[in-house]
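Novice: So I've got this file, entry_12.cif, and it contains mmCIF, C-alpha atoms:
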data_target
loop_
_atom_site.label_atom_id
_atom_site.label_comp_id
_atom_site.auth_asym_id
_atom_site.auth_seq_id
_atom_site.Cartn_x
_atom_site.Cartn_y
_atom_site.Cartn_z
CA MET A 270 47.33 13.75 13.71
CA ARG A 271 46.97 16.57 11.21
CA LYS A 272 45.15 14.28 8.77
CA SER A 273 42.79 13.13 11.54
CA LEU A 274 42.04 16.72 12.52
CA ILE A 275 41.35 17.68 8.92
CA GLY A 276 39.14 14.63 8.59
CA ILE A 277 37.09 15.65 11.64
CA ILE A 278 36.66 19.20 10.37
CA LEU A 279 35.66 18.04 6.88
CA LEU A 280 33.31 15.46 8.32
CA SER A 281 31.55 18.17 10.32
CA ILE A 282 31.15 20.27 7.20
CA ILE A 283 29.90 17.30 5.20
CA ILE A 284 27.30 16.31 7.80
CA VAL A 285 25.98 19.84 8.23
CA GLY A 286 26.21 20.99 4.65
CA ILE A 287 25.53 17.91 2.56
CA ALA A 288 24.08 14.95 4.42
CA LEU A 289 21.30 16.84 6.17
CA PRO A 290 18.39 18.31 4.25
CA ALA A 291 17.86 22.01 4.85
CA GLY A 292 16.16 22.78 8.15
CA PHE A 293 16.82 19.41 9.79
CA SER A 294 18.70 18.97 13.05
CA ALA A 295 21.31 16.28 13.67
CA GLN A 296 18.96 14.54 16.12
CA THR A 297 16.02 14.26 13.72
CA ASP A 298 17.63 14.11 10.28
CA SER A 299 16.47 10.55 9.61
CA LYS A 300 12.88 11.09 10.78
CA VAL A 301 10.00 13.26 9.61
CA ILE A 302 6.25 13.37 10.14
CA THR A 303 3.52 14.34 7.70
CA TYR A 304 0.16 15.34 9.15
CA GLY A 305 -3.05 15.40 7.17
CA GLU A 306 -4.24 19.01 7.30
CA ALA A 307 -7.49 18.12 9.09
CA THR A 308 -5.47 16.34 11.75
CA TYR A 309 -2.93 19.12 12.19
CA ASN A 310 -5.65 21.77 12.53
CA ASN A 311 -7.38 19.91 15.37
CA ALA A 312 -5.38 19.80 18.62
CA GLY A 313 -7.12 16.67 19.85
CA TYR A 314 -6.58 14.86 16.57
CA LYS A 315 -2.92 15.82 16.45
CA SER A 316 -2.38 14.69 20.03
CA SER A 317 -3.93 11.30 19.23
CA VAL A 318 -1.68 10.84 16.22
CA ASP A 319 1.43 11.95 18.13
CA ASN A 320 0.66 9.45 20.88
CA PHE A 321 0.60 6.63 18.33
CA PHE A 322 3.95 7.71 16.91
CA ASN A 323 5.47 8.09 20.38
CA GLN A 324 4.39 4.63 21.45
CA GLN A 325 5.05 2.72 18.25
CA ALA A 326 8.22 4.44 17.02
CA HIS A 327 9.62 5.23 20.49
CA VAL A 328 10.11 8.90 19.66
CA ASP A 329 9.10 12.32 20.92
CA ALA A 330 6.90 13.51 18.08
CA GLY A 331 7.11 17.07 19.36
CA ASN A 332 10.82 17.19 18.51
CA ILE A 333 10.56 15.77 14.99
CA GLU A 334 10.40 17.91 11.87
CA TYR A 335 7.01 17.80 10.16
CA LYS A 336 5.14 18.73 7.01
CA ILE A 337 1.43 19.28 6.47
CA ILE A 338 -0.27 17.46 3.62
CA ASN A 339 -3.27 19.33 2.24
CA ALA A 340 -6.12 18.32 -0.01
CA ASN A 341 -4.66 20.10 -3.03
CA GLN A 342 -1.44 18.07 -2.81
CA VAL A 343 -3.35 14.80 -2.57
CA ASN A 344 -5.75 15.74 -5.36
CA THR A 345 -2.90 16.82 -7.65
CA VAL A 346 -1.17 13.47 -7.36
CA THR A 347 -4.25 11.24 -7.27
CA GLY A 348 -6.69 13.06 -9.51
CA LYS A 349 -9.33 12.77 -6.77
CA SER A 350 -11.45 15.56 -5.27
CA TYR A 351 -10.94 15.51 -1.52
CA ASN A 352 -11.74 18.51 0.66
CA SER A 353 -9.53 19.68 3.52
CA ASN A 354 -11.64 17.96 6.18
CA GLN A 355 -10.97 14.57 4.61
CA ILE A 356 -7.16 14.64 4.79
CA LEU A 357 -6.68 12.87 8.11
CA SER A 358 -4.11 10.10 7.60
CA SER A 359 -0.67 10.90 8.98
CA ALA A 360 2.69 9.20 8.71
CA LEU A 361 6.11 9.09 10.33
CA ILE A 362 9.19 7.86 8.47
CA ASP A 363 12.33 6.63 10.21
CA LEU A 364 15.21 6.07 7.81
CA SER A 365 17.63 5.09 10.57
CA GLU A 366 16.21 1.56 10.75
CA GLN A 367 18.28 -0.98 8.83
CA GLY A 368 16.91 -3.61 6.49
CA SER A 369 14.05 -3.67 4.00
CA ILE A 370 11.05 -1.35 4.08
CA LYS A 371 8.67 -1.86 7.00
CA VAL A 372 5.24 -0.36 7.59
CA THR A 373 3.31 -0.29 10.86
CA VAL A 374 -0.37 0.51 10.37
CA ASP A 375 -2.76 1.56 13.12
CA LYS A 376 -5.37 -1.08 12.33
CA SER A 377 -7.85 0.49 14.75
CA LYS A 378 -8.02 3.60 12.53
CA ILE A 379 -6.84 2.67 9.02
CA THR A 380 -9.73 0.61 7.70
CA THR A 381 -8.80 -0.41 4.15
CA ILE A 382 -5.12 -0.12 3.23
CA THR A 383 -2.86 -2.72 4.83
CA ALA A 384 0.85 -2.61 5.60
CA GLU A 385 1.48 -4.98 2.68
CA MET A 386 -0.32 -2.64 0.27
CA TYR A 387 1.73 0.35 1.40
CA ILE A 388 4.94 -1.68 1.07
CA SER A 389 4.03 -2.81 -2.44
CA ALA A 390 3.18 0.72 -3.57
CA LEU A 391 6.33 2.14 -1.98
CA LYS A 392 8.46 -0.45 -3.76
CA SER A 393 6.75 0.62 -6.99
CA ALA A 394 8.08 4.10 -6.23
CA GLY A 395 11.61 2.82 -5.63
CA ILE A 396 11.38 3.09 -1.83
CA THR A 397 12.86 -0.01 -0.22
CA GLN A 398 14.37 1.22 3.07
CA GLY A 399 13.17 2.63 6.37
CA HIS A 400 10.15 2.21 8.62
CA ALA A 401 6.83 3.97 8.01
CA TYR A 402 4.18 4.39 10.70
CA VAL A 403 0.65 5.24 9.54
CA THR A 404 -2.34 6.32 11.60
CA SER A 405 -5.36 8.61 11.69
CA PRO A 406 -7.22 10.27 14.57
CA VAL A 407 -10.54 8.80 13.36
CA PRO A 408 -11.32 5.83 11.09
CA ALA A 409 -10.07 6.44 7.54
CA THR A 410 -9.45 4.24 4.52
CA GLY A 411 -5.79 5.30 4.42
CA GLU A 412 -5.19 5.95 0.73
CA SER A 413 -4.10 9.56 1.24
CA ALA A 414 -1.36 8.46 3.65
CA LEU A 415 0.75 7.26 0.72
CA THR A 416 1.19 10.85 -0.45
CA GLY A 417 2.33 11.73 3.06
CA ILE A 418 4.78 8.84 3.22
CA MET A 419 6.36 9.81 -0.08
CA ASN A 420 6.60 13.41 1.09
CA CYS A 421 8.38 12.14 4.21
CA TYR A 422 10.98 10.42 2.05
CA GLU A 423 11.49 13.55 -0.01
CA ALA A 424 12.00 15.61 3.15
CA VAL A 425 14.48 13.20 4.74
CA THR A 426 16.54 12.53 1.61
CA ASP A 427 16.09 15.95 -0.02
CA VAL A 428 15.42 14.15 -3.32
CA GLU A 429 12.17 14.69 -5.22
CA ILE A 430 10.22 11.65 -6.31
CA PRO A 431 9.18 12.17 -9.97
CA GLU A 432 5.51 13.09 -10.34
CA THR A 433 5.02 10.21 -12.78
CA VAL A 434 6.20 7.78 -10.09
CA LYS A 435 3.98 9.31 -7.41
CA GLU A 436 0.97 9.11 -9.69
CA ALA A 437 1.62 5.47 -10.59
CA ALA A 438 2.10 4.41 -6.95
CA ASN A 439 -1.03 6.26 -5.87
CA GLU A 440 -3.06 4.79 -8.72
CA GLU A 441 -1.94 1.34 -7.61
CA ILE A 442 -3.10 1.81 -4.04
CA TYR A 443 -6.34 3.63 -4.91
CA THR A 444 -7.28 0.90 -7.37
CA GLN A 445 -6.76 -1.75 -4.71
CA ALA A 446 -8.82 0.22 -2.19
CA GLU A 447 -11.69 0.51 -4.65
CA ILE A 448 -11.59 -3.22 -5.41
CA ILE A 449 -11.62 -4.15 -1.72
CA GLU A 450 -14.63 -1.91 -1.13
CA THR A 451 -16.62 -3.23 -4.09
CA GLU A 452 -15.55 -6.86 -4.58
CA ASN A 453 -15.68 -10.02 -2.50
CA VAL A 454 -11.93 -10.24 -2.03
CA THR A 455 -9.80 -9.82 1.10
CA ALA A 456 -6.99 -7.33 1.42
CA ASP A 457 -4.48 -10.16 1.84
CA GLU A 458 -5.68 -11.96 -1.29
CA LEU A 459 -5.53 -8.82 -3.38
CA SER A 460 -2.15 -7.74 -2.03
CA THR A 461 -0.64 -11.13 -2.86
CA LEU A 462 -2.20 -11.05 -6.34
CA VAL A 463 -0.77 -7.59 -7.07
CA ASP A 464 2.71 -8.49 -5.81
CA ASP A 465 2.84 -11.71 -7.86
CA VAL A 466 1.56 -10.07 -11.03
CA LYS A 467 3.92 -7.10 -10.67
CA GLU A 468 6.85 -9.47 -10.20
CA THR A 469 5.94 -11.37 -13.36
CA VAL A 470 5.42 -8.18 -15.36
CA GLN A 471 8.71 -6.65 -14.19
CA ASN A 472 10.79 -9.83 -14.62
CA GLU A 473 9.50 -10.35 -18.15
CA ASN A 474 9.35 -6.60 -18.95
CA ILE A 475 5.73 -6.83 -20.08
CA THR A 476 4.13 -3.57 -21.21
CA ASP A 477 1.16 -4.84 -23.23
CA HIS A 478 -2.17 -4.19 -21.49
CA THR A 479 -3.92 -7.29 -22.84
CA THR A 480 -1.09 -9.54 -21.70
CA ILE A 481 -1.26 -8.07 -18.18
CA VAL A 482 -5.03 -8.58 -18.15
CA ASN A 483 -4.54 -12.25 -19.07
CA ILE A 484 -1.91 -12.71 -16.34
CA ILE A 485 -4.31 -11.29 -13.73
CA TYR A 486 -7.22 -13.36 -15.04
CA ASN A 487 -5.20 -16.58 -14.93
CA TYR A 488 -4.07 -15.76 -11.40
CA THR A 489 -7.66 -15.24 -10.22
CA VAL A 490 -8.74 -18.56 -11.76
CA ASN A 491 -5.82 -20.51 -10.30
CA ASN A 492 -6.37 -19.01 -6.84
CA ASN A 493 -10.17 -19.05 -6.84
CA ILE A 494 -10.49 -15.26 -6.58
CA ASN A 495 -13.59 -13.63 -8.01
CA LEU A 496 -13.03 -10.27 -9.70
CA THR A 497 -15.22 -8.58 -12.26
CA ASN A 498 -13.80 -7.86 -15.68
CA SER A 499 -13.93 -4.16 -14.83
CA SER A 500 -11.76 -4.65 -11.73
CA ILE A 501 -9.28 -6.77 -13.67
CA GLU A 502 -9.05 -4.08 -16.34
CA ASN A 503 -8.49 -1.35 -13.73
CA LEU A 504 -5.88 -3.42 -11.92
CA ALA A 505 -4.08 -4.12 -15.21
CA THR A 506 -4.06 -0.41 -16.01
CA SER A 507 -2.51 0.44 -12.64
CA ILE A 508 0.18 -2.24 -12.96
CA GLU A 509 0.85 -1.16 -16.54
CA GLY A 510 1.33 2.37 -15.21
CA VAL A 511 3.86 1.20 -12.62
CA GLN A 512 5.78 -0.68 -15.29
CA ALA A 513 5.82 2.35 -17.57
CA VAL A 514 7.66 4.54 -15.04
CA GLN A 515 10.43 2.12 -14.12
CA GLY A 516 13.01 4.33 -15.85
CA ASP A 517 11.99 7.26 -13.61
CA VAL A 518 12.05 4.94 -10.58
CA GLU A 519 15.61 3.85 -11.32
CA SER A 520 16.71 7.48 -11.68
CA TYR A 521 15.16 8.41 -8.33
CA THR A 522 16.59 5.35 -6.60
CA SER A 523 20.11 6.08 -7.80
CA GLN A 524 19.93 9.64 -6.43
CA VAL A 525 18.75 8.44 -3.02
CA THR A 526 21.45 5.76 -2.91
CA ASP A 527 24.10 8.41 -3.55
CA ILE A 528 22.86 10.40 -0.55
CA VAL A 529 22.15 7.77 2.10
CA GLY A 530 25.18 5.63 1.17
CA ASN A 531 25.33 2.04 -0.02
CA ASN A 532 21.52 1.77 -0.05
CA SER A 533 21.62 1.09 3.69
CA GLY A 534 18.72 3.35 4.56
CA ASP A 535 20.95 5.30 6.96
CA PHE A 536 23.28 8.27 6.70
CA SER A 537 26.57 6.38 6.91
CA ILE A 538 29.49 8.19 8.54
CA ASP A 539 31.92 5.57 7.13
CA GLY A 540 30.41 6.00 3.70
CA LEU A 541 30.88 9.76 3.83
CA LEU A 542 34.46 9.43 5.03
CA SER A 543 35.42 6.97 2.31
CA ARG A 544 33.59 9.08 -0.27
CA PHE A 545 35.91 11.99 0.57
CA GLY A 546 39.04 9.86 0.98
CA LEU A 547 39.25 10.24 4.77
#
Starting from the file, lay out its structure as structure tokens.
Specialist:
Amino acid sequence: MRKSLIGIILLSIIIVGIALPAGFSAQTDSKVITYGEATYNNAGYKSSVDNFFNQQAHVDAGNIEYKIINANQVNTVTGKSYNSNQILSSALIDLSEQGSIKVTVDKSKITTITAEMYISALKSAGITQGHAYVTSPVPATGESALTGIMNCYEAVTDVEIPETVKEAANEEIYTQAEIIETENVTADELSTLVDDVKETVQNENITDHTTIVNIIYNYTVNNNINLTNSSIENLATSIEGVQAVQGDVESYTSQVTDIVGNNSGDFSIDGLLSRFGL
């Protein structure tokens, strides 16, 4: 009885003091929203985005912790030059969902980046758990949402994603967006190409740029995909960048695993108990 009581008391301390990031309540610790600053500053825009989250994620967005993503944050990570009125994409992350990473994209508003592209870029950043919901109040390409999604993960887990990893993941998704907008290739074709090439590069630990270029070129020929040499070069550079930060990815992943327990994507009570011998 005494041991059980001590276990309950310690468990309470653990949950409040360790498992939950600062400022998060027990009801919303596994969820967080990031609003693009243009969306957050417009009541109508924010209401539209909240309605999407409420319907798709079955939540009350008004009771979920949130962060605001501004143009400076996006520009710092991506090297682009957006102004505050252009940061519209918003995201909600739910880490309580079990299984592999899922992404639900509001296809009526996100015009370029697909769920598969977000998933691929998130995996490049070592993010393999949870459910991301992405939308915008008005049509937007969706590239800036990746910064928001990664910020969501940082807020929920209280672990910083290395800047090198953020930059590589963003470069991957921005490169794909540019290719889709300028080349005669579908989002599905390009997403499959990137996933297959990344898998080959990672499995064989390839770091040489020319070799990656040749892998992409051979893939386009075998699958009848037309890409200019410039696009192939840019794609190879982005994949090379992802490969170069795998050490940082592994470090980040190990820290998140220690916090959420057994890589389950959830804050495991059993895991915390066993961790403290209870």
Novice: Using the file's own x, y and z axes, what box holds all listed atoms of range 465-472 of chain A with 6 Å on each side, keeping edges along x, y and z, and what are its centre and edge lengths in Å to one decimal, as AutoDock Vina command-line options?
Specialist:
--center_x 6.2 --center_y -9.2 --center_z -11.6 --size_x 21.2 --size_y 17.1 --size_z 19.5
Novice: If the PyMOL selection byres ((chain A and resi 381-388) around 6) is run on the structure shown, which residues does it catch, given as an MDAnalysis selection string?
Specialist: chainID A and resid 372 374 380 389:391 410:411 460
Novice: Selection in question (the file shown): the PyMOL selection byres ((chain A and resi 484) around 10). Which residues does it include, as a PyMOL selection string?
Specialist: chain A and resi 465-467+469-470+478-483+485-489+501+505
Novice: Could the residues in this selection be saved with C-alpha atoms as an mmCIF file, in the coordinates of the input?
Specialist:
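Final output, saved to result-v9.cif:
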data_model
loop_
_atom_site.group_PDB
_atom_site.id
_atom_site.type_symbol
_atom_site.label_atom_id
_atom_site.label_comp_id
_atom_site.auth_asym_id
_atom_site.auth_seq_id
_atom_site.Cartn_x
_atom_site.Cartn_y
_atom_site.Cartn_z
ATOM 1 C CA ASP A 465 2.840 -11.710 -7.860
ATOM 2 C CA VAL A 466 1.560 -10.070 -11.030
ATOM 3 C CA LYS A 467 3.920 -7.100 -10.670
ATOM 4 C CA THR A 469 5.940 -11.370 -13.360
ATOM 5 C CA VAL A 470 5.420 -8.180 -15.360
ATOM 6 C CA HIS A 478 -2.170 -4.190 -21.490
ATOM 7 C CA THR A 479 -3.920 -7.290 -22.840
ATOM 8 C CA THR A 480 -1.090 -9.540 -21.700
ATOM 9 C CA ILE A 481 -1.260 -8.070 -18.180
ATOM 10 C CA VAL A 482 -5.030 -8.580 -18.150
ATOM 11 C CA ASN A 483 -4.540 -12.250 -19.070
ATOM 12 C CA ILE A 485 -4.310 -11.290 -13.730
ATOM 13 C CA TYR A 486 -7.220 -13.360 -15.040
ATOM 14 C CA ASN A 487 -5.200 -16.580 -14.930
ATOM 15 C CA TYR A 488 -4.070 -15.760 -11.400
ATOM 16 C CA THR A 489 -7.660 -15.240 -10.220
ATOM 17 C CA ILE A 501 -9.280 -6.770 -13.670
ATOM 18 C CA ALA A 505 -4.080 -4.120 -15.210
#
Novice: Which residues would end up in the selection if the PyMOL selection byres ((chain A and resi 517) around 10) were applied here, given that I need the answer as a compact mmCIF listing (two decimals) with C-alpha atoms, in the coordinates of the input?
Specialist:
# COMPACT_ATOMS: atom_id res chain seq x y z
CA ALA A 394 8.08 4.10 -6.23
CA GLY A 395 11.61 2.82 -5.63
CA ILE A 430 10.22 11.65 -6.31
CA PRO A 431 9.18 12.17 -9.97
CA GLU A 432 5.51 13.09 -10.34
CA THR A 433 5.02 10.21 -12.78
CA VAL A 434 6.20 7.78 -10.09
CA ALA A 513 5.82 2.35 -17.57
CA VAL A 514 7.66 4.54 -15.04
CA GLN A 515 10.43 2.12 -14.12
CA GLY A 516 13.01 4.33 -15.85
CA VAL A 518 12.05 4.94 -10.58
CA GLU A 519 15.61 3.85 -11.32
CA SER A 520 16.71 7.48 -11.68
CA TYR A 521 15.16 8.41 -8.33
CA THR A 522 16.59 5.35 -6.60
Novice: Taking only C-alpha atoms into account, which of A:Asn339, A:Gly399, A:Asp329, A:Ser405 comes nearest Lys315 in chain A?
Specialist: A:Ser405
Novice: Record the distance separating CA of Val525 in chain A and CA of Ala424 in chain A, expressed in Å with one decimal.
Specialist: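 Going from CA of Val525 in chain A over to CA of Ala424 in chain A, I get 11.6 Å.
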Novice: I'd like to know which of A:Tyr402, A:Tyr443, A:Tyr351, A:Tyr335 is closest to Tyr304 in chain A, using only C-alpha atoms.
Specialist: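 Going through A:Tyr402, A:Tyr443, A:Tyr351, A:Tyr335 one by one, the smallest distance to Tyr304 in chain A is for A:Tyr335.
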